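Everything below concerns the one structure shown next.
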Amino acid sequence: MLDELDSVPSFDRFATVDEVHGRLAALAEAHPDIATLRRIGTSRLGDPLMCLTVGDAPRHAIVAAGPHPNEPIGGLTVTHLAARLCADAGLRRATGYTWHLVGCLDPDGTRLNEGWFAGPFTRSHYAAHFYRPAPDEQVEWTFPFAYKRCYFDRVLPETQALMRLIDDVRPAFFSTLHNGESGGVFYYLNRPVPALHAVLADLPGRYGVPLHAGEPEHPAVRSFEQAIYQAPTMEDAYDYMEANGQDPVPHIGGAASDSYIKRYGALGLTAEIPYWTDPSAGDTSPAGRSYRELIGEHAERVRETHDVLEATLAAVASDLVTRSPFLRAGRAFIPMLAGMAETDALRAGDPASDRPATVAEESSCRDGLSSARLRFGGILLRALAGELAIGNGTPAIRAAHGRLAELHALWCAESDRVPARVIPIHDLVAIQYGAVLAGAAHA
């Protein structure tokens with residue numbers, strides 16, 4: 001497999017939706033004997049969802065890019081995988097799969113991120129062009145879900161398309177191509193595969209990227225080994241919040257694809273690769289402070305961020321006239337910050353938090369706060385700019401936009417001052433490509 005990683009070319013930018021679809025179409029035209037391009041669905045704005053099928057082996061694998069629109073590494077990974085499978089009969093035989101490769105699961109949202117795809121790859125430029133849909137508008141978190149007092153069936157057309165593909169081919173291996181933002185590499189598996197863990201753990205080091213050693217994305221997430229986690233489920237999130245005395249219902253939506261594929265016994269793999277990294281992401285040495293202090297301070301700063309953004313939104317609420325995706329996202333994510341702060345405050349009071357914090361945990365808390373500010377502040381800023389762009393420049397909107405723009409610029413400058421290495425796009429694709437091949441081999 002390591003020799004196959006050398007096939008990944010250099011890239012100076014991420015591919016747009018049209019470029020990904022164009023490359024898949026060109027491969028189907030050039031290799032009609034082994035590759036077929038078909039439409040599996042339609043986005044909410046009318047974009048086709050395209051899938052390239054390569055090979056004719058008895059087992060099936062699905063690899064789908066763009067489940068979240070700010071995560072474009074997968075567009076390059078899926079087109080490179082498609083090109084290699086079309087060009088190399090030996091690779092096709094060695095994998096033993098018929099491959100179903102989806103170019104982009106959320107083309108509508110991805111187009112709203114394309115402003116940063118060509119760089120410069122700074123956090124501030126990323127934040128200025130960032131978009132992430134509200135949770136109930138995300139492909140990955142709108143699979144059907146029913147558990148205790150929660151019920152979700154508002155399945156998106158894009159999610160339905162992926163569900164139909166899964167039901168049609170009944171995959172043995174499945175991967176949606178996500179990526180992180182900063183820190184180290186980590187993985188989700190829907191079941192432990194110890195032989196695969198070792199391969200995945202070794203991959204990032206080949207490119208000088210550390211394994212994640214800090215905080216998991218959610219405290220309910222369970223670890224198999226360092227940086228290799230059990231794929232999170234909404235059942236786990238529900239039970240965790242319920243045990244903490246929180247009401248889960250307002251925070252729980254649909255399930256993810258990892259849960260849906262269980263009916264077919266598929267191995268599910270997600271490789272989360274960051275754009276920026278630094279050695280602190282993998283540093284497990286003591287940080288010189290307690291974990292209780294660290295997580296308590298993090299809760300306070302997340303709560304402060306929530307309060308600022310909530311006040312900004314409240315100040316303009318009666319003047320807003322659009323239902324832009326940025327505004328819908330802001331209205332969904334800003335309350336979530338309050339829930340995050342509450343969870344961390346409860347964790348700070350847990351006796352288990354009375355231990356030394358590590359440098360990696362301190363680093364991931366810092367990066368998590370910065371990400372929340374740049375993401376959700378940036379989304380709200382784009383929502384207000386959209387109101388101004390259509391001529392809805394009321395005094396309240398103009399004033400709120402000006403204040404938030406100034407604050408967001410300070411947050412961006414603070415983030416850009418943190419030492420971090422921009423990981424070459426080639427390395428991002430190579431790690432993700434290697435993880436997909438390794439996962440397929442161990443399914």
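Ligands are numbered from 1 in the order shown, chains are lettered A, B, ... in the order of the structure tokens, and residues start at 1 in each chain.
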
Could you pull out the residues in segment 239-433 of chain A that DSSP calls strand (DSSP E or B) from the backbone, as an mmCIF file with C-alpha atoms, in the first residue's frame?
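Just written: result-v3.cif:
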data_model
loop_
_atom_site.group_PDB
_atom_site.id
_atom_site.type_symbol
_atom_site.label_atom_id
_atom_site.label_comp_id
_atom_site.auth_asym_id
_atom_site.auth_seq_id
_atom_site.Cartn_x
_atom_site.Cartn_y
_atom_site.Cartn_z
ATOM 1 C CA ALA A 255 -28.321 9.747 12.830
ATOM 2 C CA LEU A 267 -17.004 -1.611 8.013
ATOM 3 C CA GLY A 268 -17.303 2.159 8.268
ATOM 4 C CA LEU A 269 -14.201 4.371 8.299
ATOM 5 C CA THR A 270 -13.800 8.129 8.599
ATOM 6 C CA ALA A 271 -10.348 9.715 8.397
ATOM 7 C CA GLU A 272 -10.249 13.200 9.946
ATOM 8 C CA TRP A 276 -3.095 22.995 10.011
ATOM 9 C CA THR A 277 -0.984 21.221 12.595
ATOM 10 C CA PRO A 286 1.882 17.874 31.496
ATOM 11 C CA ALA A 287 0.700 21.384 30.657
ATOM 12 C CA GLY A 288 1.375 22.752 34.137
ATOM 13 C CA ARG A 289 -2.274 23.157 35.099
ATOM 14 C CA SER A 290 -5.162 20.947 36.121
ATOM 15 C CA PRO A 356 -3.010 17.238 35.311
ATOM 16 C CA ALA A 357 -3.950 18.457 31.838
ATOM 17 C CA THR A 358 -1.713 17.596 28.902
ATOM 18 C CA ARG A 421 2.101 24.472 9.762
ATOM 19 C CA VAL A 422 -0.105 24.397 6.690
#

**Item:** Per-residue DSSP, segment 17-221 of chain A, filtered to helix (DSSP H, G or I), as a ChimeraX atom specification
**Value:** /A:17-30,73-87,89-95,107-111,114-116,123-128,135-137,139-141,157-169,194-202,204-207

**Item:** Point-to-point distance from atom CA of Gly434 of chain A to atom CA of Pro419 of chain A, Å rounded to tenths
**Value:** 27.4 Å

**Message:** Which residues are near Gly339 of chain A? Cut-off 12 Å, only C-alpha atoms, ignore same chain within fewer than 6 positions. Put them as a list in words.
**Reply:**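 Here the qualifying residues turn out to be His218, Met241, Asn244, Gln246, Asp247, Pro248, Val249, Pro250, His251, Ile252, Ala299, Glu300, Val302, Arg303, His306, Ala332, Phe333, Ala345 and Leu346 of chain A.
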
Deliver the residues from the most recent selection as a file, using all heavy atoms, as a compact mmCIF listing (two decimals), in the first residue's frame.
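New file selection_8.txt:
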# COMPACT_ATOMS: atom_id res chain seq x y z
N HIS A 218 -16.49 15.01 21.02
CA HIS A 218 -17.57 15.06 21.99
C HIS A 218 -17.18 14.16 23.16
O HIS A 218 -16.59 13.09 22.95
CB HIS A 218 -18.90 14.59 21.37
CG HIS A 218 -20.10 14.82 22.24
ND1 HIS A 218 -20.46 13.94 23.24
CD2 HIS A 218 -21.00 15.83 22.27
CE1 HIS A 218 -21.55 14.41 23.85
NE2 HIS A 218 -21.90 15.55 23.28
N MET A 241 -25.87 13.01 27.74
CA MET A 241 -26.53 14.22 28.21
C MET A 241 -27.56 13.90 29.29
O MET A 241 -27.68 14.62 30.29
CB MET A 241 -27.18 14.95 27.05
CG MET A 241 -26.21 15.43 26.00
SD MET A 241 -26.98 16.43 24.73
CE MET A 241 -27.27 17.94 25.64
N ASN A 244 -26.00 13.41 32.56
CA ASN A 244 -25.52 14.67 33.14
C ASN A 244 -26.65 15.56 33.64
O ASN A 244 -26.41 16.67 34.11
CB ASN A 244 -24.71 15.45 32.09
CG ASN A 244 -23.27 15.00 32.04
OD1 ASN A 244 -22.80 14.32 32.93
ND2 ASN A 244 -22.58 15.39 30.99
N GLN A 246 -28.95 16.84 31.68
CA GLN A 246 -29.35 17.76 30.61
C GLN A 246 -30.48 17.13 29.80
O GLN A 246 -30.57 15.90 29.69
CB GLN A 246 -28.17 18.05 29.69
CG GLN A 246 -26.99 18.75 30.37
CD GLN A 246 -25.78 18.82 29.45
OE1 GLN A 246 -25.04 17.84 29.31
NE2 GLN A 246 -25.57 19.96 28.82
N ASP A 247 -31.32 17.95 29.22
CA ASP A 247 -32.38 17.46 28.34
C ASP A 247 -31.79 17.24 26.95
O ASP A 247 -31.42 18.20 26.28
CB ASP A 247 -33.52 18.46 28.27
CG ASP A 247 -34.68 17.96 27.40
OD1 ASP A 247 -34.65 16.80 26.97
OD2 ASP A 247 -35.61 18.76 27.17
N PRO A 248 -31.71 16.00 26.47
CA PRO A 248 -31.09 15.75 25.18
C PRO A 248 -31.94 16.19 23.99
O PRO A 248 -31.39 16.47 22.92
CB PRO A 248 -30.90 14.22 25.14
CG PRO A 248 -31.16 13.75 26.53
CD PRO A 248 -32.09 14.75 27.14
N VAL A 249 -33.24 16.26 24.16
CA VAL A 249 -34.14 16.42 23.01
C VAL A 249 -33.81 17.64 22.16
O VAL A 249 -33.77 17.54 20.92
CB VAL A 249 -35.61 16.43 23.47
CG1 VAL A 249 -36.54 16.73 22.29
CG2 VAL A 249 -35.98 15.08 24.10
N PRO A 250 -33.55 18.82 22.74
CA PRO A 250 -33.26 19.97 21.87
C PRO A 250 -31.95 19.85 21.10
O PRO A 250 -31.74 20.57 20.12
CB PRO A 250 -33.18 21.15 22.86
CG PRO A 250 -33.86 20.69 24.10
CD PRO A 250 -33.63 19.22 24.15
N HIS A 251 -31.08 18.94 21.52
CA HIS A 251 -29.75 18.85 20.93
C HIS A 251 -29.57 17.65 20.01
O HIS A 251 -28.53 17.52 19.36
CB HIS A 251 -28.70 18.78 22.04
CG HIS A 251 -28.78 19.90 23.03
ND1 HIS A 251 -28.31 21.17 22.75
CD2 HIS A 251 -29.32 19.95 24.28
CE1 HIS A 251 -28.52 21.95 23.80
NE2 HIS A 251 -29.14 21.24 24.73
N ILE A 252 -30.55 16.78 19.94
CA ILE A 252 -30.40 15.54 19.19
C ILE A 252 -31.22 15.63 17.90
O ILE A 252 -32.41 15.98 17.92
CB ILE A 252 -30.88 14.33 20.02
CG1 ILE A 252 -30.04 14.19 21.29
CG2 ILE A 252 -30.82 13.06 19.18
CD1 ILE A 252 -28.59 13.85 21.05
N ALA A 299 -15.03 26.35 29.16
CA ALA A 299 -16.48 26.55 29.25
C ALA A 299 -16.82 28.03 29.34
O ALA A 299 -17.77 28.50 28.68
CB ALA A 299 -17.03 25.80 30.47
N GLU A 300 -16.07 28.77 30.13
CA GLU A 300 -16.34 30.20 30.29
C GLU A 300 -16.15 30.96 28.98
O GLU A 300 -16.97 31.83 28.62
CB GLU A 300 -15.42 30.79 31.35
CG GLU A 300 -15.72 30.32 32.77
CD GLU A 300 -14.72 30.87 33.77
OE1 GLU A 300 -13.87 31.70 33.38
OE2 GLU A 300 -14.77 30.45 34.95
N VAL A 302 -16.23 29.74 25.88
CA VAL A 302 -17.26 29.36 24.92
C VAL A 302 -18.57 30.08 25.26
O VAL A 302 -19.28 30.56 24.37
CB VAL A 302 -17.46 27.83 24.89
CG1 VAL A 302 -18.70 27.44 24.08
CG2 VAL A 302 -16.23 27.14 24.31
N ARG A 303 -18.89 30.16 26.54
CA ARG A 303 -20.11 30.87 26.96
C ARG A 303 -20.01 32.35 26.57
O ARG A 303 -20.99 32.93 26.09
CB ARG A 303 -20.28 30.72 28.47
CG ARG A 303 -21.35 31.65 29.08
CD ARG A 303 -22.74 31.38 28.56
NE ARG A 303 -23.28 30.14 29.06
CZ ARG A 303 -24.52 29.74 28.81
NH1 ARG A 303 -25.32 30.46 28.06
NH2 ARG A 303 -24.96 28.58 29.28
N HIS A 306 -20.73 32.60 22.90
CA HIS A 306 -22.17 32.45 22.69
C HIS A 306 -22.90 33.74 23.00
O HIS A 306 -23.76 34.20 22.23
CB HIS A 306 -22.73 31.33 23.57
CG HIS A 306 -24.22 31.39 23.73
ND1 HIS A 306 -24.82 32.06 24.80
CD2 HIS A 306 -25.24 30.92 22.97
CE1 HIS A 306 -26.12 31.99 24.68
NE2 HIS A 306 -26.41 31.29 23.58
N ALA A 332 -29.06 28.10 14.28
CA ALA A 332 -28.93 26.75 14.83
C ALA A 332 -27.68 26.59 15.68
O ALA A 332 -27.72 25.98 16.76
CB ALA A 332 -28.91 25.73 13.69
N PHE A 333 -26.56 27.14 15.22
CA PHE A 333 -25.29 26.87 15.89
C PHE A 333 -25.07 27.73 17.14
O PHE A 333 -24.44 27.28 18.10
CB PHE A 333 -24.12 27.08 14.93
CG PHE A 333 -23.95 25.99 13.93
CD1 PHE A 333 -23.92 26.27 12.57
CD2 PHE A 333 -23.81 24.67 14.34
CE1 PHE A 333 -23.76 25.26 11.64
CE2 PHE A 333 -23.65 23.65 13.41
CZ PHE A 333 -23.63 23.94 12.05
N ALA A 345 -18.78 22.85 31.62
CA ALA A 345 -18.86 23.27 33.01
C ALA A 345 -19.17 22.08 33.91
O ALA A 345 -18.62 21.95 35.02
CB ALA A 345 -19.91 24.36 33.17
N LEU A 346 -20.06 21.19 33.46
CA LEU A 346 -20.36 19.98 34.23
C LEU A 346 -19.14 19.07 34.32
O LEU A 346 -18.86 18.49 35.38
CB LEU A 346 -21.53 19.23 33.58
CG LEU A 346 -22.91 19.90 33.70
CD1 LEU A 346 -23.92 19.21 32.78
CD2 LEU A 346 -23.39 19.86 35.15

**Residue nearest Gly74 of chain A - candidates A:Ala385, A:Leu105, A:Met163, A:Ala28, atoms counted: only C-alpha atoms** =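 Distance minimum relative to Gly74 of chain A lands on A:Leu105.
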
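Of the listed residues (A:Leu404, A:Ala15, A:Ile228, A:Ala82), A:Leu404 comes nearest to Leu380 of chain A; the distances count only C-alpha atoms.
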
**Request:** Could you give me, as an MDAnalysis selection string, the residues within 12 Å of Asp202 of chain A, counting only C-alpha atoms and dropping anything in the same chain fewer than 5 positions from it?
**Result:** chainID A and resid 2 185:186 195:197 207:211 226:228 431 434:435 438

May I have the residues within 9 Å of Pro67 of chain A as a CSV table (one decimal) with N, CA, C and O atoms, in the first residue's frame, using only C-alpha atoms and disregarding those fewer than 4 positions away in the same chain?
chain,number,residue,atom,x,y,z
A,71,GLU,N,-15.3,20.6,3.8
A,71,GLU,CA,-14.3,19.5,3.9
A,71,GLU,C,-14.0,19.0,2.5
A,71,GLU,O,-14.4,17.9,2.1
A,104,CYS,N,-19.7,14.4,-4.7
A,104,CYS,CA,-20.0,15.4,-3.7
A,104,CYS,C,-21.4,15.2,-3.2
A,104,CYS,O,-22.3,15.3,-4.0
A,105,LEU,N,-21.5,15.0,-1.9
A,105,LEU,CA,-22.8,14.7,-1.3
A,105,LEU,C,-23.6,16.0,-1.1
A,105,LEU,O,-24.8,16.0,-0.9
A,106,ASP,N,-22.9,17.1,-0.9
A,106,ASP,CA,-23.6,18.4,-0.7
A,106,ASP,C,-23.0,19.5,-1.6
A,106,ASP,O,-22.3,20.4,-1.2
A,138,GLN,N,-27.6,19.0,7.2
A,138,GLN,CA,-26.4,18.3,6.9
A,138,GLN,C,-26.7,16.9,6.4
A,138,GLN,O,-27.4,16.2,7.1
A,139,VAL,N,-26.1,16.5,5.3
A,139,VAL,CA,-26.3,15.1,4.8
A,139,VAL,C,-25.9,14.1,5.9
A,139,VAL,O,-26.7,13.1,6.1
A,140,GLU,N,-24.8,14.3,6.5
A,140,GLU,CA,-24.3,13.2,7.4
A,140,GLU,C,-25.1,13.1,8.7
A,140,GLU,O,-25.1,12.0,9.4
A,176,THR,N,-17.3,7.9,4.2
A,176,THR,CA,-17.6,9.3,3.8
A,176,THR,C,-16.3,10.1,4.1
A,176,THR,O,-15.7,9.9,5.2
A,177,LEU,N,-15.9,10.9,3.2
A,177,LEU,CA,-14.6,11.6,3.3
A,177,LEU,C,-14.7,12.9,4.0
A,177,LEU,O,-14.9,14.0,3.4
A,178,HIS,N,-14.5,12.9,5.3
A,178,HIS,CA,-14.5,14.1,6.2
A,178,HIS,C,-13.1,14.6,6.3
A,178,HIS,O,-12.1,13.9,6.0

**Message:** Restricting the calculation to only C-alpha atoms: of A:Pro171, A:Phe11, A:Ala405, A:Cys86, which residue gets closest to Arg59 of chain A?
**Reply:** A:Pro171

**Prompt:** Which is closer to Arg111 of chain A than all the others in A:Ala35, A:Val63, A:Asp18, A:Val169, using only C-alpha atoms?
**Reply:**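 Counting only C-alpha atoms, the residue closest to Arg111 of chain A is A:Asp18.
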
**Request:** Between A:Ser318, A:Glu293, A:Val20, A:Leu327, single out the one closest to Ser353 of chain A, counting only C-alpha atoms.
**Result:**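 Under the stated criterion, the closest residue is A:Glu293.
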
**Top pick for closest residue to Ala443 of chain A, considering A:Ala237, A:Ala61, A:Leu410, A:Ala389 and counting only C-alpha atoms** =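 Among A:Ala237, A:Ala61, A:Leu410, A:Ala389, it is A:Ala61 that comes nearest to Ala443 of chain A.
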
Set the distance at 9 Å and use only C-alpha atoms: which residues neighbour Ala348 of chain A once local chain neighbours fewer than 2 positions away are removed? I'd like the list as an mmCIF file with N, CA, C and O atoms, in the first residue's frame.
data_model
loop_
_atom_site.group_PDB
_atom_site.id
_atom_site.type_symbol
_atom_site.label_atom_id
_atom_site.label_comp_id
_atom_site.auth_asym_id
_atom_site.auth_seq_id
_atom_site.Cartn_x
_atom_site.Cartn_y
_atom_site.Cartn_z
ATOM 1 N N TYR A 291 -6.627 19.693 34.711
ATOM 2 C CA TYR A 291 -7.645 19.527 33.671
ATOM 3 C C TYR A 291 -8.928 20.240 34.081
ATOM 4 O O TYR A 291 -9.619 20.812 33.231
ATOM 5 N N ARG A 292 -9.240 20.230 35.365
ATOM 6 C CA ARG A 292 -10.423 20.932 35.868
ATOM 7 C C ARG A 292 -10.354 22.420 35.506
ATOM 8 O O ARG A 292 -11.317 23.010 35.027
ATOM 9 N N GLU A 293 -9.176 23.022 35.730
ATOM 10 C CA GLU A 293 -8.999 24.442 35.410
ATOM 11 C C GLU A 293 -9.124 24.679 33.910
ATOM 12 O O GLU A 293 -9.765 25.631 33.461
ATOM 13 N N LEU A 294 -8.495 23.796 33.120
ATOM 14 C CA LEU A 294 -8.509 23.946 31.668
ATOM 15 C C LEU A 294 -9.927 23.880 31.118
ATOM 16 O O LEU A 294 -10.355 24.764 30.360
ATOM 17 N N ILE A 295 -10.667 22.858 31.494
ATOM 18 C CA ILE A 295 -11.991 22.665 30.909
ATOM 19 C C ILE A 295 -12.973 23.688 31.460
ATOM 20 O O ILE A 295 -13.906 24.124 30.762
ATOM 21 N N GLY A 296 -12.764 24.139 32.715
ATOM 22 C CA GLY A 296 -13.618 25.189 33.262
ATOM 23 C C GLY A 296 -13.405 26.510 32.550
ATOM 24 O O GLY A 296 -14.373 27.234 32.249
ATOM 25 N N GLU A 297 -12.146 26.846 32.279
ATOM 26 C CA GLU A 297 -11.854 28.079 31.536
ATOM 27 C C GLU A 297 -12.410 28.003 30.117
ATOM 28 O O GLU A 297 -12.954 28.984 29.585
ATOM 29 N N ALA A 299 -15.034 26.351 29.156
ATOM 30 C CA ALA A 299 -16.476 26.545 29.246
ATOM 31 C C ALA A 299 -16.823 28.026 29.340
ATOM 32 O O ALA A 299 -17.766 28.500 28.680
ATOM 33 N N THR A 343 -22.031 21.686 29.034
ATOM 34 C CA THR A 343 -21.420 20.362 29.156
ATOM 35 C C THR A 343 -20.029 20.445 29.753
ATOM 36 O O THR A 343 -19.660 19.678 30.649
ATOM 37 N N ASP A 344 -19.218 21.399 29.272
ATOM 38 C CA ASP A 344 -17.853 21.531 29.785
ATOM 39 C C ASP A 344 -17.837 22.000 31.236
ATOM 40 O O ASP A 344 -16.965 21.594 32.022
ATOM 41 N N ALA A 345 -18.779 22.848 31.616
ATOM 42 C CA ALA A 345 -18.858 23.270 33.012
ATOM 43 C C ALA A 345 -19.172 22.080 33.915
ATOM 44 O O ALA A 345 -18.617 21.947 35.017
ATOM 45 N N LEU A 346 -20.056 21.189 33.464
ATOM 46 C CA LEU A 346 -20.364 19.981 34.231
ATOM 47 C C LEU A 346 -19.142 19.073 34.319
ATOM 48 O O LEU A 346 -18.860 18.490 35.379
ATOM 49 N N ASP A 350 -16.631 17.401 37.596
ATOM 50 C CA ASP A 350 -16.507 15.955 37.772
ATOM 51 C C ASP A 350 -15.207 15.650 38.528
ATOM 52 O O ASP A 350 -14.147 16.160 38.177
ATOM 53 N N PRO A 351 -15.247 14.815 39.577
ATOM 54 C CA PRO A 351 -14.010 14.460 40.296
ATOM 55 C C PRO A 351 -12.919 13.899 39.379
ATOM 56 O O PRO A 351 -11.722 14.055 39.662
ATOM 57 N N ALA A 352 -13.312 13.269 38.270
ATOM 58 C CA ALA A 352 -12.324 12.710 37.350
ATOM 59 C C ALA A 352 -11.485 13.795 36.680
ATOM 60 O O ALA A 352 -10.423 13.496 36.116
ATOM 61 N N SER A 353 -11.945 15.042 36.719
ATOM 62 C CA SER A 353 -11.196 16.139 36.106
ATOM 63 C C SER A 353 -10.084 16.660 37.000
ATOM 64 O O SER A 353 -9.324 17.541 36.595
ATOM 65 N N ASP A 354 -9.988 16.129 38.206
ATOM 66 C CA ASP A 354 -8.953 16.572 39.142
ATOM 67 C C ASP A 354 -7.652 15.819 38.860
ATOM 68 O O ASP A 354 -7.235 14.945 39.618
#
